[in-house]
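To keep things clear, I will list the structure first and then write my remarks on it.
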Amino acid sequence: MSTIFDVAKEAGVSKSTVSRVINGDEGVKEATRIAVQAAIQKLQYEPSYMAQAIRTRKTHTIALIVPEYTNIFYTEMFQGVEDVALKYGYMVFVCDTERHSIEESEYLNELLKRNIDGMIYNCYKLTDEMAKFLKKMGQKLPIVYMNKIKDEIPDASCVYTDGYESTRQAVKYLYDNGKRKIGYVRNSEDVSIIEDRYQGFLQGLKDCDLIYDEKWMYRVQRENEPDYVRLGRDAARYYASLTDKPDAIMTAIDMIGIGCIKEFNSMNVKVPDEISVIGFDNVFLSNLIEPPLTTISQPIRKMGQAAAEILIAKLEGRKTQESAIFQGDLIVRKTT
């Protein structure tokens, strides 16, 4: 295996010059840079990242914090983050906090000990204590948040999809297609972007002069049940039990909508003839269920890419946008 000394000898330069070329020092003459790069290629030399980390105090590792990696939403997001990270020579360290906010600060402290360069942070609910902790952590390394948390951390870099307007427009779509009794299935987590979707739904009802009926609103309870599909099945059974049933429901996320469809199918409730269903996210499974789920699409992979671009630009001292806000698009399939 070739060493940095072999490269220096082959290129006719000093070891320190080879090191400067590897680290991108712009003060190295172009002819020298070309000679060193040619020697590296010829000898198939691979720099020691550990040695570079000690010297530069950078590990070229970023952390992606997710509340539950088994949720395919975060799997798709990771793919986007990794797309960009690998392009710039960074590794992605994925951490699943399993929704335990009490232990989360301890988890993040452990990450700091491992000298990560930066962090992309997903959270369900940001407590005051956690916001205070993250503000302090943000003084040590750059953080990009996959949520709208400007109220809790005003100067935060955020990447998210505007769910308010897209959900409002989806209600209008249902109204234009003859639906007048529209229900909504909410998450149990109090998350700003999830709440925005619900508020957009309520505004959509007002825009169309539709009644808000409490019995058509269902809130899943996740305390002891991590499976969103099963929770969606519970919601479907609830709606089927009503005497005065809605003719359409919207769900906060696709996986709940998929669960609703599965249960309606098992009960021979015809979707969309008897009840229409609209989800939110456009995860790949939404197009595989039968009938395929109409959904509000958010570009999950692009969101991951945008977060990584912003974070790495901050790490490398390049100018970048502070936040990225995406718009949701209604993808009409067979459940409406």
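Chain lettering (A, B, ...) mirrors the order of the structure tokens, residue numbering begins at 1 for each chain separately, and ligand numbering begins at 1 in order of display.
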### Message
When you look at Leu86 of chain A with a cut-off of 12 Å (counting only C-alpha atoms), what residues show up, excluding the ones that are within fewer than 5 positions of it in the same chain? I need them as number ranges by chain.
### Response
A: 60-62, 78-81, 91-92, 305, 308-309, 312
### Task
Looking only at strand (DSSP E or B) from DSSP on the backbone, list the matching residues of segment 106-333 of chain A as a PyMOL selection string.
chain A and resi 118-121+143-145+157-162+182-186+217-219+248-251+276-281+294-297+324-327+329-331
Store the residues picked out above, limited to C-alpha atoms, as a CSV table (one decimal), in the first residue's frame.
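Output below, filename again.csv:
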chain,number,residue,atom,x,y,z
A,118,GLY,CA,-22.7,19.0,11.4
A,119,MET,CA,-26.3,17.7,11.8
A,120,ILE,CA,-29.6,17.4,10.0
A,121,TYR,CA,-32.3,17.2,12.7
A,143,ILE,CA,-27.6,22.3,12.3
A,144,VAL,CA,-30.3,22.2,9.6
A,145,TYR,CA,-33.8,21.4,10.8
A,157,SER,CA,-32.1,26.9,9.0
A,158,CYS,CA,-35.2,24.9,8.1
A,159,VAL,CA,-36.3,22.6,5.2
A,160,TYR,CA,-39.9,21.6,5.0
A,161,THR,CA,-43.0,21.5,2.8
A,162,ASP,CA,-45.8,24.1,3.1
A,182,ILE,CA,-65.1,15.7,4.8
A,183,GLY,CA,-63.3,14.2,7.8
A,184,TYR,CA,-59.7,14.4,8.8
A,185,VAL,CA,-57.3,12.0,10.6
A,186,ARG,CA,-54.6,13.7,12.6
A,217,MET,CA,-62.3,14.3,13.0
A,218,TYR,CA,-60.2,11.5,14.3
A,219,ARG,CA,-56.9,11.6,16.2
A,248,ALA,CA,-64.3,11.8,2.2
A,249,ILE,CA,-61.4,11.8,4.6
A,250,MET,CA,-58.0,13.3,4.5
A,251,THR,CA,-55.0,11.9,6.5
A,276,SER,CA,-62.7,9.1,-0.8
A,277,VAL,CA,-59.3,9.1,0.8
A,278,ILE,CA,-56.4,11.6,0.4
A,279,GLY,CA,-53.0,11.2,2.1
A,280,PHE,CA,-50.0,13.4,2.4
A,281,ASP,CA,-46.3,12.7,1.5
A,294,THR,CA,-54.5,10.1,-4.0
A,295,THR,CA,-52.0,12.2,-2.1
A,296,ILE,CA,-50.3,15.5,-1.6
A,297,SER,CA,-46.8,15.0,-2.7
A,324,ALA,CA,-35.7,25.8,1.7
A,325,ILE,CA,-39.5,25.6,1.6
A,326,PHE,CA,-41.2,23.3,-0.8
A,327,GLN,CA,-44.7,23.3,-2.1
A,329,ASP,CA,-48.7,19.0,-5.2
A,330,LEU,CA,-51.9,17.0,-5.4
A,331,ILE,CA,-51.3,13.7,-7.1
Find the residues around segment 263-274 of chain A up to 12 Å (only C-alpha atoms counted), leave out those fewer than 4 positions away in its own chain, and share them as a PDB file with N, CA and C atoms, in the first residue's frame.
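New file out.pdb:
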ATOM      1  N   LEU A 174     -61.835  18.162  -3.426  1.00  0.00           N
ATOM      2  CA  LEU A 174     -62.903  17.257  -3.002  1.00  0.00           C
ATOM      3  C   LEU A 174     -64.270  17.905  -3.178  1.00  0.00           C
ATOM      4  N   ASN A 177     -65.480  17.924  -6.586  1.00  0.00           N
ATOM      5  CA  ASN A 177     -65.875  16.585  -7.025  1.00  0.00           C
ATOM      6  C   ASN A 177     -67.073  16.051  -6.238  1.00  0.00           C
ATOM      7  N   GLY A 178     -67.820  16.979  -5.644  1.00  0.00           N
ATOM      8  CA  GLY A 178     -69.104  16.626  -5.045  1.00  0.00           C
ATOM      9  C   GLY A 178     -69.078  16.197  -3.596  1.00  0.00           C
ATOM     10  N   LYS A 179     -67.940  16.280  -2.937  1.00  0.00           N
ATOM     11  CA  LYS A 179     -67.853  15.857  -1.538  1.00  0.00           C
ATOM     12  C   LYS A 179     -68.263  17.008  -0.619  1.00  0.00           C
ATOM     13  N   LYS A 181     -69.099  16.142   3.032  1.00  0.00           N
ATOM     14  CA  LYS A 181     -68.913  15.699   4.418  1.00  0.00           C
ATOM     15  C   LYS A 181     -67.493  15.147   4.553  1.00  0.00           C
ATOM     16  N   VAL A 229     -49.893   2.217   9.837  1.00  0.00           N
ATOM     17  CA  VAL A 229     -50.890   1.504   9.036  1.00  0.00           C
ATOM     18  C   VAL A 229     -51.973   0.930   9.943  1.00  0.00           C
ATOM     19  N   ARG A 230     -51.563   0.348  11.052  1.00  0.00           N
ATOM     20  CA  ARG A 230     -52.540  -0.204  11.992  1.00  0.00           C
ATOM     21  C   ARG A 230     -53.405   0.907  12.579  1.00  0.00           C
ATOM     22  N   LEU A 231     -52.805   2.042  12.845  1.00  0.00           N
ATOM     23  CA  LEU A 231     -53.574   3.182  13.348  1.00  0.00           C
ATOM     24  C   LEU A 231     -54.569   3.662  12.302  1.00  0.00           C
ATOM     25  N   GLY A 232     -54.177   3.619  11.029  1.00  0.00           N
ATOM     26  CA  GLY A 232     -55.103   3.959   9.957  1.00  0.00           C
ATOM     27  C   GLY A 232     -56.269   2.990   9.888  1.00  0.00           C
ATOM     28  N   ARG A 233     -55.992   1.721  10.136  1.00  0.00           N
ATOM     29  CA  ARG A 233     -57.063   0.716  10.179  1.00  0.00           C
ATOM     30  C   ARG A 233     -58.054   1.038  11.301  1.00  0.00           C
ATOM     31  N   ASP A 234     -57.510   1.453  12.446  1.00  0.00           N
ATOM     32  CA  ASP A 234     -58.375   1.842  13.571  1.00  0.00           C
ATOM     33  C   ASP A 234     -59.287   2.994  13.167  1.00  0.00           C
ATOM     34  N   ALA A 235     -58.718   3.970  12.470  1.00  0.00           N
ATOM     35  CA  ALA A 235     -59.501   5.129  12.030  1.00  0.00           C
ATOM     36  C   ALA A 235     -60.612   4.706  11.078  1.00  0.00           C
ATOM     37  N   ALA A 236     -60.297   3.808  10.153  1.00  0.00           N
ATOM     38  CA  ALA A 236     -61.304   3.339   9.190  1.00  0.00           C
ATOM     39  C   ALA A 236     -62.457   2.639   9.902  1.00  0.00           C
ATOM     40  N   ARG A 237     -62.134   1.823  10.899  1.00  0.00           N
ATOM     41  CA  ARG A 237     -63.193   1.140  11.655  1.00  0.00           C
ATOM     42  C   ARG A 237     -64.072   2.146  12.393  1.00  0.00           C
ATOM     43  N   TYR A 238     -63.434   3.198  12.891  1.00  0.00           N
ATOM     44  CA  TYR A 238     -64.206   4.243  13.565  1.00  0.00           C
ATOM     45  C   TYR A 238     -65.190   4.885  12.596  1.00  0.00           C
ATOM     46  N   TYR A 239     -64.710   5.280  11.424  1.00  0.00           N
ATOM     47  CA  TYR A 239     -65.600   5.937  10.454  1.00  0.00           C
ATOM     48  C   TYR A 239     -66.718   5.000  10.001  1.00  0.00           C
ATOM     49  N   ALA A 240     -66.397   3.729   9.833  1.00  0.00           N
ATOM     50  CA  ALA A 240     -67.410   2.761   9.390  1.00  0.00           C
ATOM     51  C   ALA A 240     -68.493   2.556  10.446  1.00  0.00           C
ATOM     52  N   SER A 241     -68.154   2.821  11.707  1.00  0.00           N
ATOM     53  CA  SER A 241     -69.115   2.620  12.798  1.00  0.00           C
ATOM     54  C   SER A 241     -70.113   3.766  12.930  1.00  0.00           C
ATOM     55  N   LYS A 245     -71.907   9.064   8.251  1.00  0.00           N
ATOM     56  CA  LYS A 245     -70.520   8.867   7.816  1.00  0.00           C
ATOM     57  C   LYS A 245     -70.054   9.999   6.904  1.00  0.00           C
ATOM     58  N   PRO A 246     -68.754  10.316   6.920  1.00  0.00           N
ATOM     59  CA  PRO A 246     -68.211  11.271   5.941  1.00  0.00           C
ATOM     60  C   PRO A 246     -68.156  10.623   4.565  1.00  0.00           C
ATOM     61  N   ASP A 247     -68.170  11.456   3.523  1.00  0.00           N
ATOM     62  CA  ASP A 247     -68.013  10.903   2.168  1.00  0.00           C
ATOM     63  C   ASP A 247     -66.579  11.041   1.666  1.00  0.00           C
ATOM     64  N   ALA A 248     -65.713  11.644   2.492  1.00  0.00           N
ATOM     65  CA  ALA A 248     -64.285  11.758   2.163  1.00  0.00           C
ATOM     66  C   ALA A 248     -63.508  11.983   3.451  1.00  0.00           C
ATOM     67  N   ILE A 249     -62.278  11.480   3.485  1.00  0.00           N
ATOM     68  CA  ILE A 249     -61.389  11.787   4.604  1.00  0.00           C
ATOM     69  C   ILE A 249     -60.014  12.150   4.055  1.00  0.00           C
ATOM     70  N   ILE A 256     -51.076   6.470   7.281  1.00  0.00           N
ATOM     71  CA  ILE A 256     -52.401   6.381   7.897  1.00  0.00           C
ATOM     72  C   ILE A 256     -53.451   6.142   6.816  1.00  0.00           C
ATOM     73  N   GLY A 257     -53.340   6.883   5.702  1.00  0.00           N
ATOM     74  CA  GLY A 257     -54.273   6.705   4.594  1.00  0.00           C
ATOM     75  C   GLY A 257     -54.230   5.295   4.032  1.00  0.00           C
ATOM     76  N   ILE A 258     -53.028   4.732   3.934  1.00  0.00           N
ATOM     77  CA  ILE A 258     -52.870   3.359   3.436  1.00  0.00           C
ATOM     78  C   ILE A 258     -53.568   2.377   4.375  1.00  0.00           C
ATOM     79  N   GLY A 259     -53.425   2.606   5.683  1.00  0.00           N
ATOM     80  CA  GLY A 259     -54.116   1.757   6.650  1.00  0.00           C
ATOM     81  C   GLY A 259     -55.625   1.857   6.518  1.00  0.00           C
ATOM     82  N   ILE A 278     -57.596  10.909   0.842  1.00  0.00           N
ATOM     83  CA  ILE A 278     -56.408  11.650   0.388  1.00  0.00           C
ATOM     84  C   ILE A 278     -55.350  11.591   1.486  1.00  0.00           C
ATOM     85  N   ILE A 289     -50.606   0.510  -3.086  1.00  0.00           N
ATOM     86  CA  ILE A 289     -51.843   0.049  -2.471  1.00  0.00           C
ATOM     87  C   ILE A 289     -52.935  -0.009  -3.537  1.00  0.00           C
ATOM     88  N   GLU A 290     -53.947  -0.840  -3.320  1.00  0.00           N
ATOM     89  CA  GLU A 290     -55.066  -0.937  -4.264  1.00  0.00           C
ATOM     90  C   GLU A 290     -56.371  -0.540  -3.568  1.00  0.00           C
ATOM     91  N   PRO A 291     -57.051   0.516  -4.016  1.00  0.00           N
ATOM     92  CA  PRO A 291     -56.654   1.382  -5.138  1.00  0.00           C
ATOM     93  C   PRO A 291     -55.528   2.342  -4.736  1.00  0.00           C
ATOM     94  N   PRO A 292     -54.724   2.781  -5.721  1.00  0.00           N
ATOM     95  CA  PRO A 292     -53.627   3.712  -5.433  1.00  0.00           C
ATOM     96  C   PRO A 292     -54.138   4.996  -4.776  1.00  0.00           C
ATOM     97  N   LEU A 293     -53.392   5.457  -3.801  1.00  0.00           N
ATOM     98  CA  LEU A 293     -53.815   6.569  -2.951  1.00  0.00           C
ATOM     99  C   LEU A 293     -53.596   7.932  -3.605  1.00  0.00           C
ATOM    100  N   THR A 294     -54.660   8.722  -3.684  1.00  0.00           N
ATOM    101  CA  THR A 294     -54.511  10.137  -4.024  1.00  0.00           C
ATOM    102  C   THR A 294     -53.801  10.811  -2.854  1.00  0.00           C
ATOM    103  N   VAL A 332     -53.425  13.024  -8.114  1.00  0.00           N
ATOM    104  CA  VAL A 332     -54.734  12.370  -8.164  1.00  0.00           C
ATOM    105  C   VAL A 332     -54.581  10.940  -8.671  1.00  0.00           C
ATOM    106  N   ARG A 333     -55.039   9.992  -7.855  1.00  0.00           N
ATOM    107  CA  ARG A 333     -55.008   8.584  -8.250  1.00  0.00           C
ATOM    108  C   ARG A 333     -56.429   8.010  -8.169  1.00  0.00           C
ATOM    109  N   LYS A 334     -56.581   6.841  -7.599  1.00  0.00           N
ATOM    110  CA  LYS A 334     -57.861   6.136  -7.693  1.00  0.00           C
ATOM    111  C   LYS A 334     -58.713   6.165  -6.421  1.00  0.00           C
ATOM    112  N   THR A 335     -58.267   6.891  -5.394  1.00  0.00           N
ATOM    113  CA  THR A 335     -59.064   6.906  -4.160  1.00  0.00           C
ATOM    114  C   THR A 335     -59.948   8.140  -4.055  1.00  0.00           C
ATOM    115  N   THR A 336     -60.004   8.945  -5.123  1.00  0.00           N
ATOM    116  CA  THR A 336     -60.892  10.114  -5.137  1.00  0.00           C
ATOM    117  C   THR A 336     -61.643  10.165  -6.462  1.00  0.00           C
TER     118      THR A 336
END
### Task
Grab the atom CA of Arg33 of chain A to atom CA of Gly12 of chain A distance for me, in Å with one decimal place.
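Between these atoms lies a distance of 11.5 Å.
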### Message
Rounded to one decimal, what separation in Å do you get between atom CA of Lys113 of chain A and atom CA of Met130 of chain A?
### Response
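These two atoms are separated by 18.4 Å.
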### Task
Tell me which of A:Asp128, A:Glu110, A:Glu76, A:Glu322 sits closest to Phe284 of chain A, counting only C-alpha atoms.
A:Glu76
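Here atom CA of Ala252 of chain A and atom CA of Glu129 of chain A stand 26.5 Å from one another.
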### Task
DSSP on the backbone, then: every residue of segment 109-218 of chain A marked helix (DSSP H, G or I), written as a PyMOL selection string.
chain A and resi 109-113+128-137+163-176+192-207+214-216
### Task
Do a neighbour search on Met1 of chain A at 12 Å with only C-alpha atoms, toss out local chain neighbours closer than 4 positions, and write the hits as a list in words.
Phe5, Asp6, Val7, Ile40, Leu43, Gln44, Tyr45, Glu46, Pro47 and Ser48 of chain A
Output C-alpha atoms for every residue in the selection just made, as a compact mmCIF listing (two decimals), in the first residue's frame.
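Okay, this is what ended up in out15.txt:
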# COMPACT_ATOMS: atom_id res chain seq x y z
CA PHE A 5 6.06 9.54 1.31
CA ASP A 6 5.83 7.42 -1.86
CA VAL A 7 3.62 10.07 -3.48
CA ILE A 40 -1.66 9.84 -6.37
CA LEU A 43 0.25 4.86 -7.02
CA GLN A 44 -3.46 4.49 -6.15
CA TYR A 45 -2.80 6.31 -2.92
CA GLU A 46 -5.72 6.70 -0.51
CA PRO A 47 -5.33 9.44 2.11
CA SER A 48 -5.89 8.51 5.75
